[in-house]
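Reproduced below: run15.cif, with mmCIF, C-alpha atoms.
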data_query
loop_
_atom_site.label_atom_id
_atom_site.label_comp_id
_atom_site.auth_asym_id
_atom_site.auth_seq_id
_atom_site.Cartn_x
_atom_site.Cartn_y
_atom_site.Cartn_z
CA MET A 1 37.75 22.14 2.11
CA GLY A 2 36.98 25.68 3.12
CA HIS A 3 33.64 26.01 1.33
CA SER A 4 30.23 26.39 2.86
CA ASN A 5 28.16 23.21 2.72
CA TRP A 6 24.82 24.44 4.06
CA PRO A 7 22.98 23.65 0.79
CA GLU A 8 23.98 20.02 1.27
CA TRP A 9 22.58 19.99 4.80
CA ILE A 10 19.34 21.55 3.59
CA TYR A 11 19.17 18.88 0.87
CA VAL A 12 19.73 16.09 3.41
CA ALA A 13 17.11 17.58 5.75
CA VAL A 14 14.53 17.87 2.96
CA VAL A 15 15.13 14.26 1.86
CA ILE A 16 14.81 12.98 5.45
CA ALA A 17 11.67 15.06 6.01
CA LEU A 18 10.07 13.70 2.83
CA LEU A 19 10.95 10.10 3.73
CA VAL A 20 9.52 10.53 7.23
CA TYR A 21 6.34 12.12 5.84
CA VAL A 22 5.85 9.38 3.23
CA GLY A 23 6.45 6.64 5.82
CA ALA A 24 4.18 8.24 8.44
CA GLU A 25 1.33 8.82 5.98
CA ALA A 26 1.49 5.25 4.64
CA TRP A 27 1.61 3.88 8.21
CA ASN A 28 -1.32 6.02 9.26
CA ILE A 29 -3.57 5.02 6.35
CA GLU A 30 -2.57 1.38 6.66
CA ASN A 31 -3.62 1.42 10.31
CA LEU A 32 -6.81 3.30 9.53
CA ILE A 33 -8.03 0.77 6.99
CA ASP A 34 -6.70 -2.25 8.90
CA HIS A 35 -8.92 -2.01 11.97
CA ALA A 36 -12.38 -3.46 11.53
CA PRO A 37 -15.23 -1.69 13.37
CA GLU A 38 -16.61 -3.52 16.38
CA ASP A 39 -19.96 -4.28 14.74
CA ALA A 40 -18.41 -5.80 11.62
CA GLU A 41 -20.08 -9.07 10.63
CA ILE A 42 -17.61 -11.89 10.14
CA ILE A 43 -17.78 -13.80 6.88
CA LYS A 44 -15.64 -16.88 6.34
CA VAL A 45 -14.27 -17.03 2.82
CA THR A 46 -12.96 -20.29 1.47
CA ALA A 47 -10.92 -20.38 -1.70
CA GLN A 48 -10.34 -23.56 -3.63
CA GLN A 49 -9.62 -24.50 -7.22
CA TRP A 50 -11.55 -22.82 -8.77
CA PHE A 51 -14.41 -21.25 -6.89
CA TRP A 52 -15.25 -19.17 -3.84
CA SER A 53 -17.54 -20.17 -0.98
CA PHE A 54 -18.79 -17.91 1.80
CA GLU A 55 -20.21 -18.56 5.25
CA HIS A 56 -22.14 -15.82 7.06
CA ALA A 57 -22.16 -15.37 10.84
CA ASP A 58 -25.60 -17.04 11.07
CA GLY A 59 -24.34 -20.14 9.26
CA THR A 60 -25.80 -19.32 5.83
CA LYS A 61 -23.56 -20.58 3.08
CA GLU A 62 -23.19 -19.28 -0.43
CA ILE A 63 -21.17 -20.57 -3.35
CA GLY A 64 -20.10 -18.37 -6.23
CA GLU A 65 -22.12 -15.43 -4.98
CA LEU A 66 -22.20 -13.22 -1.92
CA HIS A 67 -25.07 -11.07 -0.68
CA LEU A 68 -24.24 -8.09 1.52
CA LYS A 69 -26.09 -5.05 2.84
CA LYS A 70 -25.09 -1.53 1.93
CA ASP A 71 -23.34 0.56 4.64
CA HIS A 72 -22.69 -2.46 6.89
CA ALA A 73 -19.17 -3.46 7.87
CA TYR A 74 -17.99 -6.94 6.95
CA LYS A 75 -14.82 -8.61 8.08
CA PHE A 76 -13.64 -11.47 5.87
CA GLU A 77 -11.70 -14.36 7.31
CA ILE A 78 -10.01 -15.80 4.28
CA HIS A 79 -8.38 -19.17 3.90
CA SER A 80 -7.54 -21.59 1.14
CA LYS A 81 -8.09 -25.33 0.87
CA ASP A 82 -5.41 -26.07 -1.70
CA VAL A 83 -3.04 -23.52 -3.22
CA ASN A 84 -2.50 -19.77 -2.84
CA HIS A 85 -5.36 -17.62 -4.11
CA ASN A 86 -6.17 -13.96 -3.69
CA PHE A 87 -9.58 -12.60 -2.71
CA ASN A 88 -10.22 -9.44 -4.72
CA ILE A 89 -13.20 -7.10 -5.09
CA PRO A 90 -11.78 -4.51 -7.51
CA GLU A 91 -14.66 -2.03 -7.12
CA PHE A 92 -14.02 -1.63 -3.37
CA LEU A 93 -10.24 -2.09 -3.40
CA VAL A 94 -10.44 -5.24 -1.32
CA LEU A 95 -7.43 -7.48 -1.83
CA MET A 96 -6.10 -10.23 0.41
CA ASP A 97 -4.16 -13.46 -0.08
CA ALA A 98 -5.84 -16.77 0.64
CA VAL A 99 -3.14 -19.08 1.95
CA PRO A 100 -3.51 -22.75 2.98
CA GLY A 101 -3.11 -23.24 6.74
CA ARG A 102 -3.57 -19.57 7.53
CA ILE A 103 -6.48 -17.16 8.05
CA ASN A 104 -6.03 -13.67 6.66
CA THR A 105 -8.49 -10.91 7.39
CA VAL A 106 -9.65 -7.83 5.55
CA TRP A 107 -12.71 -5.64 6.12
CA PHE A 108 -14.78 -3.20 4.13
CA SER A 109 -18.14 -1.54 4.09
CA PRO A 110 -19.92 -1.40 0.71
CA ASN A 111 -21.10 2.17 0.15
CA GLU A 112 -23.08 1.58 -3.02
CA SER A 113 -25.58 -1.04 -3.98
CA GLY A 114 -25.45 -3.13 -7.13
CA GLU A 115 -23.72 -6.11 -8.65
CA PHE A 116 -19.95 -6.37 -8.50
CA ASP A 117 -17.21 -8.83 -9.41
CA ILE A 118 -15.19 -10.94 -7.05
CA GLN A 119 -12.14 -12.54 -8.59
CA CYS A 120 -9.00 -14.49 -7.83
CA ARG A 121 -5.93 -12.36 -8.28
CA GLU A 122 -3.19 -14.90 -7.68
CA TYR A 123 -2.45 -17.36 -10.45
CA CYS A 124 -3.78 -20.63 -9.06
CA GLY A 125 -3.85 -23.08 -11.94
CA LEU A 126 -5.65 -23.91 -15.15
CA ILE A 127 -9.03 -22.24 -14.51
CA HIS A 128 -7.65 -19.29 -12.53
CA TYR A 129 -9.00 -16.90 -15.17
CA ASN A 130 -12.52 -18.03 -14.42
CA MET A 131 -12.35 -18.22 -10.62
CA ARG A 132 -14.97 -15.55 -10.11
CA ALA A 133 -17.96 -14.84 -7.93
CA LYS A 134 -20.70 -12.22 -7.89
CA LEU A 135 -21.14 -9.70 -5.10
CA PHE A 136 -24.67 -8.38 -4.64
CA VAL A 137 -24.96 -5.32 -2.43
CA GLU A 138 -28.53 -4.64 -1.41
CA GLY A 139 -29.80 -1.26 -0.20
CA SER A 140 -29.77 -0.74 3.58
CA MET B 141 29.06 1.79 12.75
CA ARG B 142 27.79 -1.71 13.53
CA THR B 143 26.49 -0.57 16.93
CA ILE B 144 24.23 2.03 15.27
CA TRP B 145 22.73 -0.34 12.72
CA ALA B 146 22.03 -3.29 14.99
CA PRO B 147 19.23 -1.63 17.02
CA ILE B 148 17.77 0.00 13.90
CA ILE B 149 17.59 -3.35 12.10
CA LEU B 150 16.10 -5.00 15.18
CA ILE B 151 13.43 -2.28 15.51
CA VAL B 152 12.48 -2.46 11.86
CA LEU B 153 12.35 -6.26 11.79
CA PHE B 154 10.71 -7.03 15.12
CA ALA B 155 9.53 -4.11 17.24
CA THR B 156 7.58 -2.24 14.54
CA PRO B 157 5.56 -5.23 13.24
CA MET B 158 4.90 -6.27 16.83
CA ILE B 159 3.53 -2.84 17.81
CA GLN B 160 1.38 -2.81 14.70
CA LEU B 161 0.05 -6.30 15.43
CA VAL B 162 -0.82 -5.47 19.03
CA PHE B 163 -2.59 -2.22 18.21
CA ALA B 164 -4.37 -3.74 15.23
CA SER B 165 -5.94 -6.44 17.37
CA GLU B 166 -7.01 -4.15 20.23
CA THR B 167 -8.23 -0.93 18.70
CA PRO B 168 -11.64 -1.10 17.06
CA GLY B 169 -11.69 0.83 13.84
CA GLU B 170 -14.23 3.26 12.47
CA TYR B 171 -16.17 3.16 9.22
CA VAL B 172 -13.87 4.48 6.52
CA ASN B 173 -14.18 4.53 2.79
CA ARG B 174 -11.35 2.19 1.97
CA ALA B 175 -11.14 3.07 -1.73
CA GLN B 176 -11.12 6.80 -0.99
CA GLU B 177 -8.38 6.54 1.66
CA ILE B 178 -6.16 4.39 -0.54
CA TRP B 179 -6.59 6.57 -3.65
CA ASN B 180 -5.95 9.74 -1.63
CA LEU B 181 -2.76 8.24 -0.24
CA PHE B 182 -1.74 7.24 -3.73
CA PHE B 183 -2.31 10.76 -5.08
CA ARG B 184 -0.35 12.35 -2.20
CA MET B 185 2.56 9.96 -2.83
CA MET B 186 2.43 10.65 -6.57
CA THR B 187 2.51 14.41 -5.92
CA ILE B 188 5.62 14.01 -3.79
CA ALA B 189 7.20 11.65 -6.32
CA PHE B 190 6.60 14.06 -9.22
CA VAL B 191 7.86 17.08 -7.27
CA VAL B 192 11.05 15.22 -6.33
CA GLY B 193 11.42 13.97 -9.92
CA GLY B 194 10.91 17.49 -11.24
CA VAL B 195 13.51 18.99 -8.91
CA ILE B 196 16.09 16.33 -9.80
CA ALA B 197 15.43 16.58 -13.55
CA GLY B 198 15.51 20.39 -13.32
CA THR B 199 18.82 20.34 -11.48
CA ILE B 200 20.35 18.07 -14.12
CA VAL B 201 19.10 20.27 -16.98
CA TRP B 202 20.39 23.39 -15.22
CA GLN B 203 23.81 21.83 -14.60
CA VAL B 204 24.18 20.68 -18.19
CA TRP B 205 23.17 24.17 -19.41
CA ARG B 206 25.24 26.14 -16.93
CA PHE B 207 28.47 24.12 -17.09
CA ARG B 208 28.62 23.49 -20.84
CA GLU B 209 31.90 24.45 -22.47
CA SER B 210 30.33 27.08 -24.73
CA ASN B 211 28.70 29.01 -21.87
CA PRO B 212 30.17 32.57 -21.84
CA LYS B 213 30.37 32.33 -18.03
CA ALA B 214 32.29 29.03 -18.09
CA LYS B 215 35.70 29.14 -16.47
CA PRO B 216 38.34 26.53 -17.32
CA THR B 217 39.28 24.18 -14.51
CA PRO B 218 42.81 24.52 -13.09
CA TYR B 219 43.82 21.43 -15.08
CA GLU B 220 42.52 22.85 -18.34
CA ASP B 221 44.22 26.18 -17.56
CA LYS B 222 47.61 24.52 -17.25
CA GLY B 223 47.11 22.63 -20.46
CA ASP B 224 47.14 19.21 -18.71
CA LEU B 225 44.00 18.17 -20.54
#
Same coordinates, now as structure tokens:
Amino acid sequence: MGHSNWPEWIYVAVVIALLVYVGAEAWNIENLIDHAPEDAEIIKVTAQQWFWSFEHADGTKEIGELHLKKDHAYKFEIHSKDVNHNFNIPEFLVLMDAVPGRINTVWFSPNESGEFDIQCREYCGLIHYNMRAKLFVEGS
Amino acid sequence: MRTIWAPIILIVLFATPMIQLVFASETPGEYVNRAQEIWNLFFRMMTIAFVVGGVIAGTIVWQVWRFRESNPKAKPTPYEDKGDL
């Protein structure tokens, strides 16, 4: 066409650079928060209509409430007994599906003590709105 | 064209999740503040999104302003010059 098209190439390069940066950053953070520390205590989480039950590594079981220690790492192994649920602790941005026949994992380390909500975040039937549990984080 | 896309699609669908799975299971992680990392990522992405949005919106506004008929600098297109339009 006889005209210079370098602005177009700069535009294409900037778009590609931004896409690569966005992808790389998301990948990096996803990996960073995915890997549980070696000393993370495993807690089995069972979801069923319409309550949560928890089993600690030493065999202690809790229903409707969960007691954790501050600044310890916990890895949750989450599964469901009936339909799809979603294990959610909004305060700590913990969110993972509970799916029948499958164990999903997510880990976190509570960095403040207090009383927090655990809720189901996947519509799971009539009492979904009230499928809650209490998280108690006790000082280290 | 098909030869270029086939390996890209294969990598995206199979190789990448596989690498992620393997590394995720083998590398022990460190203590990170999950909420902080996720919110920081969100804010970085929002910054990029708003900058890109601003540049695109700015370009559109500039084009509409610069190429309006009543702009003193506007030149008629060859078609308009000949009276075709």
For this session: For chain A, list the residues within 12 Å of chain B, counting all atoms listed in the file, and write the list as JSON, numbers by chain.
Result: {"A": [11, 14, 15, 17, 18, 19, 21, 22, 23, 24, 25, 26, 27, 28, 29, 30, 31, 32, 33, 34, 35, 36, 37, 38, 39, 40, 71, 72, 73, 74, 75, 89, 90, 91, 92, 93, 94, 95, 105, 106, 107, 108, 109, 110, 111, 112]}
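Once the PyMOL selection byres ((chain A and resi 134) around 8) is applied to the shown structure, the selection contains Gly64, Glu65, Leu66, Glu115, Phe116, Asp117, Ile118, Arg132, Ala133, Leu135 and Phe136 of chain A.
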For this session: Quick one: everything within 6 Å of segment 41-54 of chain A, counting all atoms listed in the file, minus sequence neighbours fewer than 6 positions away in the same chain. Send it as a PyMOL selection string.
Result: chain A and resi 61-64+74-82+131
Exercise. What separation in Å, quoted to one decimal, exists between atom CA of Val191 of chain B and atom CA of Ile16 of chain A?
Worked result: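 Interatomic distance, atom CA of Val191 of chain B to atom CA of Ile16 of chain A: 15.1 Å.
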Exercise. Neighbours of Lys70 of chain A within 6 Å (only C-alpha atoms; same-chain residues fewer than 5 positions away dropped), as an NGL selection string?
Worked result: :A and (110-111 or 113 or 137-140)
